[in-house]
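What follows is the content of upload.csv (CSV, C-alpha atoms).
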```csv
chain,number,residue,atom,x,y,z
A,1,MET,CA,89.1,109.8,162.6
A,2,ILE,CA,89.1,113.3,161.0
A,3,LEU,CA,85.3,113.4,160.8
A,4,ASN,CA,84.3,111.7,164.1
A,5,ASP,CA,84.0,114.9,166.2
A,6,ARG,CA,80.6,116.0,164.9
A,7,ARG,CA,77.9,113.9,166.4
A,8,ASP,CA,75.2,116.3,165.1
A,9,TRP,CA,75.9,115.3,161.5
A,10,LYS,CA,75.0,111.7,162.0
A,11,ASP,CA,71.4,112.2,160.8
A,12,HIS,CA,72.4,114.7,158.0
A,13,VAL,CA,72.3,113.6,154.4
A,14,VAL,CA,75.1,115.4,152.5
A,15,ARG,CA,73.8,116.4,149.1
A,16,ILE,CA,76.5,116.5,146.5
A,17,MET,CA,75.9,118.1,143.1
A,18,THR,CA,77.9,116.8,140.2
A,19,THR,CA,77.8,116.4,136.4
A,20,ASP,CA,77.0,113.3,134.4
A,21,ASN,CA,79.5,113.6,131.5
A,22,PHE,CA,82.9,114.6,132.8
A,23,LEU,CA,85.0,111.5,132.8
A,24,PRO,CA,87.4,110.7,134.4
A,25,ARG,CA,86.1,113.1,137.2
A,26,SER,CA,82.4,112.4,137.3
A,27,ALA,CA,80.0,110.7,135.0
A,28,LEU,CA,76.7,108.7,135.1
A,29,VAL,CA,77.4,105.2,133.7
A,30,ASN,CA,74.8,102.5,133.6
A,31,GLY,CA,72.8,104.4,136.2
A,32,GLN,CA,75.7,104.8,138.6
A,33,PHE,CA,78.0,107.8,139.3
A,34,VAL,CA,81.7,107.0,138.7
A,35,GLY,CA,84.9,109.0,138.6
A,36,THR,CA,87.6,110.4,140.8
A,37,ASP,CA,85.4,113.0,142.4
A,38,ILE,CA,82.8,110.4,143.1
A,39,GLU,CA,85.4,108.0,144.7
A,40,THR,CA,86.8,110.9,146.8
A,41,CYS,CA,83.3,111.7,148.2
A,42,LYS,CA,82.5,108.1,148.8
A,43,ALA,CA,85.8,107.4,150.6
A,44,ILE,CA,85.4,110.5,152.9
A,45,PHE,CA,81.7,110.1,153.9
A,46,ASP,CA,81.7,106.3,154.1
A,47,SER,CA,84.6,106.4,156.5
A,48,ALA,CA,82.7,109.1,158.6
A,49,ARG,CA,79.5,106.9,158.4
A,50,MET,CA,77.7,109.9,157.0
A,51,ARG,CA,74.9,109.5,154.5
A,52,TYR,CA,75.2,111.2,151.2
A,53,GLN,CA,73.4,111.6,147.9
A,54,PHE,CA,74.6,112.6,144.4
A,55,VAL,CA,72.5,115.0,142.4
A,56,VAL,CA,73.0,115.9,138.7
A,57,ASN,CA,73.5,119.5,138.1
A,58,PRO,CA,70.7,121.5,136.4
A,59,LYS,CA,71.3,122.4,132.7
A,60,GLY,CA,70.4,125.9,131.7
A,61,PRO,CA,70.2,127.3,128.1
A,62,ASN,CA,73.7,128.6,128.5
A,63,HIS,CA,76.7,128.4,130.8
A,64,LEU,CA,75.9,131.6,132.7
A,65,GLU,CA,72.3,130.4,133.4
A,66,THR,CA,73.6,127.1,134.6
A,67,GLN,CA,76.0,128.8,137.0
A,68,GLN,CA,73.2,131.0,138.4
A,69,MET,CA,70.9,128.0,138.9
A,70,VAL,CA,73.7,126.2,140.8
A,71,GLY,CA,74.4,129.3,142.8
A,72,ARG,CA,70.8,129.6,144.0
A,73,VAL,CA,70.6,126.0,145.3
A,74,LEU,CA,73.9,126.6,147.2
A,75,ASP,CA,72.5,129.8,148.7
A,76,ASN,CA,69.2,128.2,149.9
A,77,GLY,CA,71.0,125.2,151.5
A,78,THR,CA,69.6,122.6,149.1
A,79,ILE,CA,73.1,121.5,148.1
A,80,ASP,CA,76.1,121.2,150.4
A,81,ILE,CA,79.0,120.5,147.9
A,82,VAL,CA,79.5,120.9,144.2
A,83,VAL,CA,82.1,118.6,142.5
A,84,GLY,CA,82.8,117.8,138.9
A,85,PHE,CA,82.5,121.3,137.5
A,86,SER,CA,83.3,124.9,138.4
A,87,VAL,CA,81.0,127.6,139.9
A,88,PHE,CA,81.7,131.3,140.0
A,89,GLU,CA,82.7,132.9,143.3
A,90,SER,CA,80.2,134.1,145.8
A,91,LEU,CA,80.0,135.2,149.5
A,92,SER,CA,77.7,132.3,150.2
A,93,PHE,CA,80.1,129.5,149.3
A,94,ASP,CA,83.8,128.7,149.3
A,95,ARG,CA,86.2,127.2,146.9
A,96,MET,CA,88.5,124.3,147.9
A,97,ASN,CA,91.4,123.5,145.6
A,98,VAL,CA,91.9,119.8,144.8
A,99,TYR,CA,94.9,118.0,143.3
A,100,ASP,CA,93.8,118.1,139.7
A,101,ARG,CA,93.8,120.6,136.9
A,102,ILE,CA,91.8,121.3,133.7
A,103,GLY,CA,92.9,123.2,130.6
A,104,ALA,CA,92.9,123.8,126.9
A,105,CYS,CA,94.6,121.4,124.5
A,106,LEU,CA,95.3,121.1,120.8
A,107,MET,CA,93.5,118.4,119.0
A,108,LEU,CA,95.8,117.6,116.0
A,109,PRO,CA,95.2,115.5,112.9
A,110,LYS,CA,97.2,112.4,112.8
A,111,ASN,CA,99.9,112.4,110.1
A,112,LEU,CA,98.8,110.7,106.9
A,113,GLN,CA,99.8,107.1,106.3
A,114,ARG,CA,102.9,106.7,104.1
A,115,ASN,CA,101.6,105.7,100.7
A,116,PHE,CA,103.8,102.7,100.1
A,117,ILE,CA,102.0,101.5,97.0
A,118,TYR,CA,102.4,104.9,95.3
A,119,HIS,CA,106.1,105.1,96.0
A,120,LEU,CA,106.8,101.5,95.0
A,121,THR,CA,104.9,101.9,91.7
A,122,HIS,CA,106.6,105.3,91.2
A,123,PRO,CA,110.3,104.3,91.9
A,124,PHE,CA,112.0,107.3,90.3
A,125,GLU,CA,111.7,111.1,90.2
A,126,LEU,CA,111.1,112.9,86.9
A,127,GLU,CA,114.8,113.7,86.4
A,128,THR,CA,115.7,110.0,86.6
A,129,TRP,CA,113.0,109.1,84.0
A,130,LEU,CA,114.4,111.9,81.7
A,131,VAL,CA,117.8,110.2,81.9
A,132,ILE,CA,116.3,106.9,80.9
A,133,VAL,CA,114.4,108.4,78.0
A,134,ALA,CA,117.6,110.2,77.0
A,135,VAL,CA,119.5,106.9,76.9
A,136,LEU,CA,116.8,105.4,74.7
A,137,VAL,CA,117.0,108.3,72.3
A,138,LEU,CA,120.7,108.0,72.2
A,139,ASP,CA,120.4,104.3,71.4
A,140,PHE,CA,118.2,105.2,68.4
A,141,PHE,CA,120.6,107.9,67.0
A,142,LEU,CA,123.7,105.7,67.5
A,143,THR,CA,122.1,102.9,65.6
A,144,ARG,CA,121.0,105.3,62.8
A,145,LEU,CA,124.2,107.4,62.6
A,146,PHE,CA,126.9,104.7,63.2
A,147,PRO,CA,125.6,101.5,61.6
A,148,ARG,CA,129.0,99.8,61.4
A,149,ALA,CA,129.9,100.4,65.1
A,150,PHE,CA,126.3,99.6,66.2
A,151,PRO,CA,124.9,97.1,63.6
A,152,HIS,CA,122.1,95.9,65.9
A,153,ASN,CA,119.2,97.7,67.5
A,154,LEU,CA,120.5,98.9,70.8
A,155,ILE,CA,117.0,99.5,72.3
A,156,ILE,CA,116.1,95.9,71.7
A,157,ILE,CA,119.4,94.7,73.2
A,158,LEU,CA,119.1,96.8,76.4
A,159,ILE,CA,115.4,95.9,77.0
A,160,PHE,CA,115.3,92.2,75.9
A,161,GLY,CA,118.9,91.2,75.4
A,162,ASP,CA,120.6,89.9,72.2
A,163,SER,CA,120.7,86.3,70.9
A,164,LEU,CA,124.2,86.9,69.5
A,165,PRO,CA,127.2,85.9,71.8
A,166,GLU,CA,129.1,88.7,73.3
A,167,HIS,CA,132.3,88.0,71.2
A,168,HIS,CA,130.3,88.4,68.0
A,169,GLN,CA,129.3,92.0,69.0
A,170,THR,CA,131.4,94.9,68.0
A,171,ARG,CA,133.7,96.5,70.5
A,172,TRP,CA,131.7,99.7,70.6
A,173,THR,CA,128.5,97.8,71.2
A,174,ARG,CA,130.0,95.9,74.1
A,175,LEU,CA,131.4,99.0,75.7
A,176,TYR,CA,128.2,100.9,75.4
A,177,CYS,CA,126.0,98.0,76.7
A,178,PHE,CA,128.4,97.6,79.6
A,179,ALA,CA,128.0,101.3,80.5
A,180,CYS,CA,124.2,101.0,80.3
A,181,THR,CA,124.2,97.9,82.4
A,182,VAL,CA,126.1,99.7,85.1
A,183,LEU,CA,123.6,102.5,85.0
A,184,LEU,CA,120.7,100.1,85.2
A,185,PHE,CA,122.3,98.3,88.1
A,186,LEU,CA,122.5,101.6,90.0
A,187,PHE,CA,118.9,102.4,89.3
A,188,THR,CA,117.7,98.9,90.3
A,189,GLU,CA,119.7,98.8,93.6
A,190,ALA,CA,118.4,102.3,94.5
A,191,TYR,CA,114.8,101.0,94.0
A,192,LEU,CA,115.4,97.8,96.0
A,193,ALA,CA,116.9,99.9,98.8
A,194,LYS,CA,113.9,102.1,98.7
A,195,ALA,CA,111.6,99.0,98.9
A,196,MET,CA,113.5,97.6,101.8
A,197,LEU,CA,113.3,101.0,103.6
A,198,TYR,CA,109.5,101.0,103.3
A,199,MET,CA,109.4,97.4,104.7
A,200,THR,CA,111.3,98.4,107.9
A,201,VAL,CA,110.2,102.0,108.7
A,202,THR,CA,107.0,102.7,110.6
A,203,ARG,CA,103.9,102.9,108.6
A,204,TYR,CA,102.9,106.4,109.8
A,205,THR,CA,105.1,109.5,109.8
A,206,PRO,CA,105.7,110.5,113.5
A,207,ASP,CA,103.0,112.5,115.2
A,208,MET,CA,103.9,115.8,116.9
A,209,ARG,CA,104.3,115.3,120.6
A,210,THR,CA,105.2,118.7,122.0
A,211,LEU,CA,103.7,122.2,121.6
A,212,ALA,CA,106.9,123.4,120.1
A,213,GLU,CA,106.7,120.9,117.3
A,214,ALA,CA,103.1,121.9,116.6
A,215,ILE,CA,104.1,125.6,116.4
A,216,GLU,CA,107.1,124.8,114.2
A,217,SER,CA,104.9,122.8,111.8
A,218,GLY,CA,103.0,126.0,110.9
A,219,ILE,CA,99.6,124.3,111.2
A,220,TYR,CA,96.6,126.7,111.7
A,221,VAL,CA,94.2,126.3,114.6
A,222,LYS,CA,90.4,126.7,114.6
A,223,ALA,CA,88.6,127.6,117.7
A,224,PRO,CA,85.1,128.7,118.8
A,225,ILE,CA,84.5,132.4,119.4
A,226,GLY,CA,86.0,133.6,122.7
A,227,THR,CA,88.3,130.7,123.3
A,228,LYS,CA,91.4,132.3,121.8
A,229,VAL,CA,92.0,134.2,125.1
A,230,THR,CA,93.3,130.9,126.6
A,231,ILE,CA,96.4,131.3,124.5
A,232,ASP,CA,99.0,133.6,126.0
A,233,ARG,CA,99.9,136.1,123.3
A,234,ASP,CA,103.2,137.0,124.9
A,235,THR,CA,104.6,133.4,125.3
A,236,LEU,CA,102.9,131.8,122.3
A,237,PRO,CA,102.7,134.6,119.7
A,238,LEU,CA,102.9,132.4,116.6
A,239,LEU,CA,100.2,130.1,117.9
A,240,TRP,CA,98.0,133.1,118.7
A,241,GLU,CA,98.4,134.5,115.2
A,242,ARG,CA,97.6,131.2,113.6
A,243,THR,CA,94.4,130.6,115.6
A,244,ILE,CA,91.2,131.4,113.7
A,245,GLU,CA,88.0,131.9,115.7
A,246,GLU,CA,84.7,130.8,114.1
A,247,ARG,CA,81.2,131.5,115.2
A,248,ASN,CA,79.1,128.4,116.0
A,249,PHE,CA,82.1,126.3,115.4
A,250,PRO,CA,81.3,122.5,115.3
A,251,TYR,CA,84.0,119.9,116.1
A,252,THR,CA,83.1,117.7,113.2
A,253,MET,CA,86.6,116.3,112.8
A,254,ASP,CA,86.1,116.2,109.0
A,255,ASN,CA,89.0,118.5,108.0
A,256,ASP,CA,92.6,117.3,108.7
A,257,GLU,CA,94.2,120.5,107.5
A,258,PHE,CA,93.6,122.3,110.8
A,259,ALA,CA,94.2,121.7,114.5
A,260,TYR,CA,91.5,122.5,117.0
A,261,LEU,CA,91.6,124.4,120.3
A,262,ILE,CA,89.5,122.4,122.7
A,263,ASP,CA,89.0,121.6,126.4
A,264,CYS,CA,91.2,118.6,127.1
A,265,THR,CA,88.4,116.5,128.7
A,266,TYR,CA,86.0,117.3,125.9
A,267,GLY,CA,88.7,116.5,123.3
A,268,SER,CA,89.2,113.1,124.8
A,269,LEU,CA,85.5,112.5,124.7
A,270,LEU,CA,85.2,113.5,121.0
A,271,ILE,CA,88.2,111.3,120.0
A,272,ARG,CA,86.7,108.3,121.8
A,273,GLN,CA,83.3,108.9,120.2
A,274,HIS,CA,84.9,109.2,116.7
A,275,VAL,CA,86.9,106.0,117.1
A,276,GLU,CA,83.7,104.2,118.3
A,277,ARG,CA,81.8,105.5,115.3
A,278,GLU,CA,84.5,104.5,112.9
A,279,LEU,CA,84.6,101.0,114.4
A,280,ARG,CA,80.8,100.7,114.3
A,281,THR,CA,80.3,102.0,110.7
A,282,LEU,CA,83.5,100.8,108.9
A,283,GLY,CA,84.7,97.8,111.0
A,284,HIS,CA,88.0,97.0,112.6
A,285,ARG,CA,89.9,96.8,109.3
A,286,GLU,CA,88.8,100.1,107.8
A,287,ALA,CA,88.5,102.3,110.9
A,288,LYS,CA,91.1,105.0,111.3
A,289,ARG,CA,92.1,107.3,114.2
A,290,ARG,CA,92.2,110.7,112.5
A,291,PHE,CA,92.9,113.0,115.5
A,292,TYR,CA,94.8,112.9,118.8
A,293,LEU,CA,95.3,115.2,121.7
A,294,LEU,CA,98.6,116.9,122.4
A,295,GLU,CA,99.6,115.9,125.9
A,296,GLU,CA,101.1,119.3,126.6
A,297,MET,CA,98.4,121.8,127.7
A,298,ILE,CA,98.3,125.3,126.2
A,299,SER,CA,96.9,126.7,129.5
A,300,TRP,CA,95.5,125.2,132.6
A,301,THR,CA,93.8,126.1,135.9
A,302,GLN,CA,93.6,124.4,139.2
A,303,ARG,CA,90.3,122.5,139.8
A,304,PHE,CA,88.3,123.1,143.0
A,305,TYR,CA,85.2,121.9,144.8
A,306,THR,CA,82.6,124.4,145.8
A,307,ILE,CA,81.5,124.2,149.5
A,308,ALA,CA,78.4,125.9,150.8
A,309,ARG,CA,79.0,128.2,153.8
A,310,HIS,CA,76.3,126.4,155.8
A,311,PHE,CA,78.2,123.2,155.5
A,312,THR,CA,80.5,123.6,158.6
A,313,PHE,CA,82.3,120.4,157.7
A,314,ARG,CA,84.4,122.1,155.1
A,315,ASP,CA,87.6,122.4,157.1
A,316,HIS,CA,87.4,118.7,157.9
A,317,LEU,CA,86.7,118.0,154.3
A,318,LYS,CA,89.9,119.9,153.2
A,319,LEU,CA,92.0,117.9,155.7
A,320,ALA,CA,90.5,114.6,154.5
A,321,ILE,CA,91.3,115.4,150.8
A,322,VAL,CA,94.9,116.2,151.8
A,323,LYS,CA,95.2,112.9,153.5
A,324,LEU,CA,93.7,111.1,150.4
A,325,PHE,CA,96.3,112.8,148.2
A,326,GLU,CA,99.2,112.0,150.5
A,327,ALA,CA,98.1,108.4,150.6
A,328,GLY,CA,98.2,108.2,146.8
A,329,LEU,CA,94.5,107.4,146.4
A,330,TRP,CA,93.8,110.5,144.4
A,331,ASP,CA,96.4,109.5,141.7
A,332,HIS,CA,95.3,105.9,141.8
A,333,TRP,CA,91.6,106.8,141.1
A,334,LYS,CA,92.6,109.3,138.4
A,335,ASP,CA,94.7,106.7,136.6
A,336,ALA,CA,92.1,104.0,136.9
A,337,PHE,CA,89.2,106.0,135.6
A,338,ARG,CA,91.3,107.7,132.9
A,339,GLY,CA,92.2,104.1,131.7
A,340,ARG,CA,88.5,103.1,131.6
A,341,ALA,CA,87.5,106.3,129.8
A,342,GLY,CA,90.3,105.8,127.3
A,343,ASP,CA,89.6,102.2,126.3
A,344,ALA,CA,88.2,103.2,122.9
A,345,GLU,CA,90.9,105.8,122.4
A,346,ARG,CA,93.6,103.2,123.1
A,347,THR,CA,92.0,100.6,120.9
A,348,ARG,CA,94.6,99.4,118.5
A,349,LEU,CA,93.1,99.7,115.0
A,350,TRP,CA,94.0,97.4,112.2
A,351,ASP,CA,95.9,100.0,110.3
A,352,GLU,CA,98.2,101.0,113.1
A,353,ASP,CA,100.9,98.4,113.1
A,354,ASP,CA,104.5,99.6,113.2
A,355,ALA,CA,105.8,97.7,110.2
A,356,LEU,CA,104.5,96.0,107.1
A,357,SER,CA,102.9,92.6,107.8
A,358,LEU,CA,102.5,89.6,105.5
A,359,GLU,CA,99.0,90.8,104.6
A,360,ASP,CA,100.5,94.1,103.4
A,361,MET,CA,102.7,92.1,101.1
A,362,ALA,CA,99.7,90.4,99.5
A,363,ALA,CA,100.1,92.4,96.2
A,364,ILE,CA,103.7,91.2,95.8
A,365,TRP,CA,102.6,87.6,96.4
A,366,LEU,CA,99.8,88.0,93.8
A,367,VAL,CA,102.4,89.3,91.3
A,368,LEU,CA,104.6,86.3,91.9
A,369,ALA,CA,101.7,83.9,91.6
A,370,PHE,CA,100.7,85.5,88.3
A,371,GLY,CA,104.2,85.2,87.0
A,372,TRP,CA,104.5,81.6,88.0
A,373,THR,CA,101.2,80.8,86.5
A,374,PHE,CA,102.0,82.5,83.2
A,375,SER,CA,105.5,80.9,83.0
A,376,GLY,CA,104.0,77.5,83.9
A,377,GLY,CA,101.4,77.9,81.1
A,378,VAL,CA,104.2,78.8,78.6
A,379,PHE,CA,106.2,75.7,79.7
A,380,LEU,CA,103.2,73.5,79.2
A,381,VAL,CA,102.5,74.9,75.7
A,382,GLU,CA,106.2,74.4,74.7
A,383,ALA,CA,106.1,70.8,76.2
A,384,MET,CA,103.1,70.0,74.2
A,385,GLY,CA,104.8,71.2,71.0
A,386,LEU,CA,102.3,73.9,70.2
A,387,ILE,CA,105.1,76.5,69.8
```
Output the file's structure as C-alpha cells, nothing else.
Amino acid sequence: MILNDRRDWKDHVVRIMTTDNFLPRSALVNGQFVGTDIETCKAIFDSARMRYQFVVNPKGPNHLETQQMVGRVLDNGTIDIVVGFSVFESLSFDRMNVYDRIGACLMLPKNLQRNFIYHLTHPFELETWLVIVAVLVLDFFLTRLFPRAFPHNLIIILIFGDSLPEHHQTRWTRLYCFACTVLLFLFTEAYLAKAMLYMTVTRYTPDMRTLAEAIESGIYVKAPIGTKVTIDRDTLPLLWERTIEERNFPYTMDNDEFAYLIDCTYGSLLIRQHVERELRTLGHREAKRRFYLLEEMISWTQRFYTIARHFTFRDHLKLAIVKLFEAGLWDHWKDAFRGRAGDAERTRLWDEDDALSLEDMAAIWLVLAFGWTFSGGVFLVEAMGLI
C-alpha cells in the first residue's frame, strides 16, 4: 500500500545497479542475482507491481574510476538506485541508510593442532631424563664400589628384573630396588595421566574469539597500504603499533605467523575459497582450515543505498525498507544468505573433531598387534622345542 499512490510509475522500469560478488548482500550466482539487497528490491517493487531490472556495476581500473563511472550514470538518469556497494556523496543523488553495516576484521591463523604423537613419544622433559641417567650411573658405581652390598648388576635388575628370589638378595639391594621402583611408578603414572589427558582434551588449542585476546597474544598484523587508518590509534594503540602495511600486499594465506587486516566480507570469501581449494586438491582427510575471521569488528560503518534525485519514489522506498526491517524480513534474508555463502566455511573437515577417535588410536593398535604377533611367534618356537 505504500507504493500505490503513484500511477505514473506503472510503465517505468526501475533500473537497479548492483555488484556481482558481494555475498550475502548481492552476487550473481548461476546467472541470477541473489542476496539481501536483491531480495529487498524484489519484495518492494513486486508488491508495488513495478517493473525493475538489475544491472552489474561498471568496473574501472581502480576504485576512484569506478565511483566516477557510477556517478555519471546516476547523474544522466540511466540508473535509479545503487545497492550492494557504496558511492561517494554528490548533489545529484541521496544516501539512504539501511539496517546493515560493513567493516574491517582481523583474519587470524587457526592455532596449530596439538602434536599428540610428539608428546606421547617424548614423555618427559630433559630434567627428568637427567634424573633417570643419574640413577643408572649410580647403579654402576654402587655395583663397582660396594660389591658385597650389591653383588648383582643393578642396571640389569632395574631394567629386566632378576631371576633370584627377593629373599636371596641382600638387604641393601632390596631397599635400593624398592626406592627405584617407587620412582619408576611415579614416572609411569605421570606418563599415563598425560596420555589420558591428550585423549580427553580438544585436539586444537582454543582459537582467539575477541579482539582483546588477539591484542593480548602479541600477534603482528599485515595490511595493504592505506588500510591502517581503519584502526583507531587512541582506543587500540597496541594493535595500531603491531600493524605492518605492505605495498601490493597479496592475501595468499601462506604465512600463519601474522594476522591480516581485511574487509569482513572479502575475508569470508577468501576463507571459503581457501577451504574449497584445500578440499579439491588435498581431499577431505588432508584439508585444513588455516584461517578464520574474528567476529568482533575493528571498525565499521553503516551501509546505505544510493538513490538518484530524479527517482521521486525515494521517500516511499525509505518507508518500505523500514517496514521490511520491522517485520523481521531483513534479518531473515541476511541470515539465510549468510548461511548459503558460508557453507564451505562451515564444512566440517576431517581433522576438526573435538576428541581423539578410534582412527587416531590406530598407532596404538598397531603396536599391540605387533606385540601379540611377536609373543605368539616366541610361544610357537618354544612349543616346537626350538629354544
Exercise for the section: Fewer than 2 positions away in the same chain doesn't count, so skip those; otherwise give me all residues within 9 Å of Arg209 in chain A, counting all atoms listed in the file, as a ChimeraX atom specification. Expected result: /A:206-207,211-214,294-296
For range 279-329 of chain A versus range 61-82 of chain A, which residues have an atom no more than 12 Å away, and what is each residue's nearest atom pair and distance in Å rounded to one decimal, using only C-alpha atoms, chain-then-number order, as a Markdown table?
```
| residue | atom | partner | partner_atom | distance |
| --- | --- | --- | --- | --- |
| A:Arg303 | CA | A:Val82 | CA | 11.8 |
| A:Phe304 | CA | A:Val82 | CA | 9.1 |
| A:Tyr305 | CA | A:Val82 | CA | 5.8 |
| A:Thr306 | CA | A:Val82 | CA | 4.9 |
| A:Ile307 | CA | A:Ile81 | CA | 4.7 |
| A:Ala308 | CA | A:Asp80 | CA | 5.2 |
| A:Arg309 | CA | A:Asp80 | CA | 8.3 |
| A:His310 | CA | A:Gly77 | CA | 6.9 |
| A:Phe311 | CA | A:Asp80 | CA | 5.9 |
| A:Thr312 | CA | A:Asp80 | CA | 9.6 |
| A:Phe313 | CA | A:Asp80 | CA | 9.6 |
| A:Arg314 | CA | A:Ile81 | CA | 9.1 |
| A:Leu317 | CA | A:Ile81 | CA | 10.3 |
```
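Considering the residues A:Asp234, A:Asp20, A:Asp263, A:Asp100 and counting all atoms listed in the file, Asp335 in chain A has its shortest atom-to-atom contact with A:Asp100.
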Practice task
Tell me which of A:Phe150, A:Ser299, A:Leu175, A:Ala43 sits closest to Val229 in chain A, counting all atoms listed in the file.
Solution key: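 Among A:Phe150, A:Ser299, A:Leu175, A:Ala43, it is A:Ser299 that comes nearest to Val229 in chain A.
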Practice task
For Val55 in chain A, list every protein, DNA or RNA residue within 9 Å, evaluated using all atoms listed in the file, and leave out those in the same chain fewer than 4 positions away; present the list as a ChimeraX atom specification.
Solution key: /A:15-19,79
Practice task
Show which residues sit within 12 Å of range 146-148 of chain A, as a ChimeraX atom specification. Count only C-alpha atoms, and ignore same-chain residues fewer than 4 positions away.
Solution key: /A:138-142,152-154,169-173
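Residues within 8 Å of Ile244 in chain A, counting only C-alpha atoms and excluding same-chain residues fewer than 4 positions away, are Tyr220, Val221, Lys222 and Ala223 of chain A.
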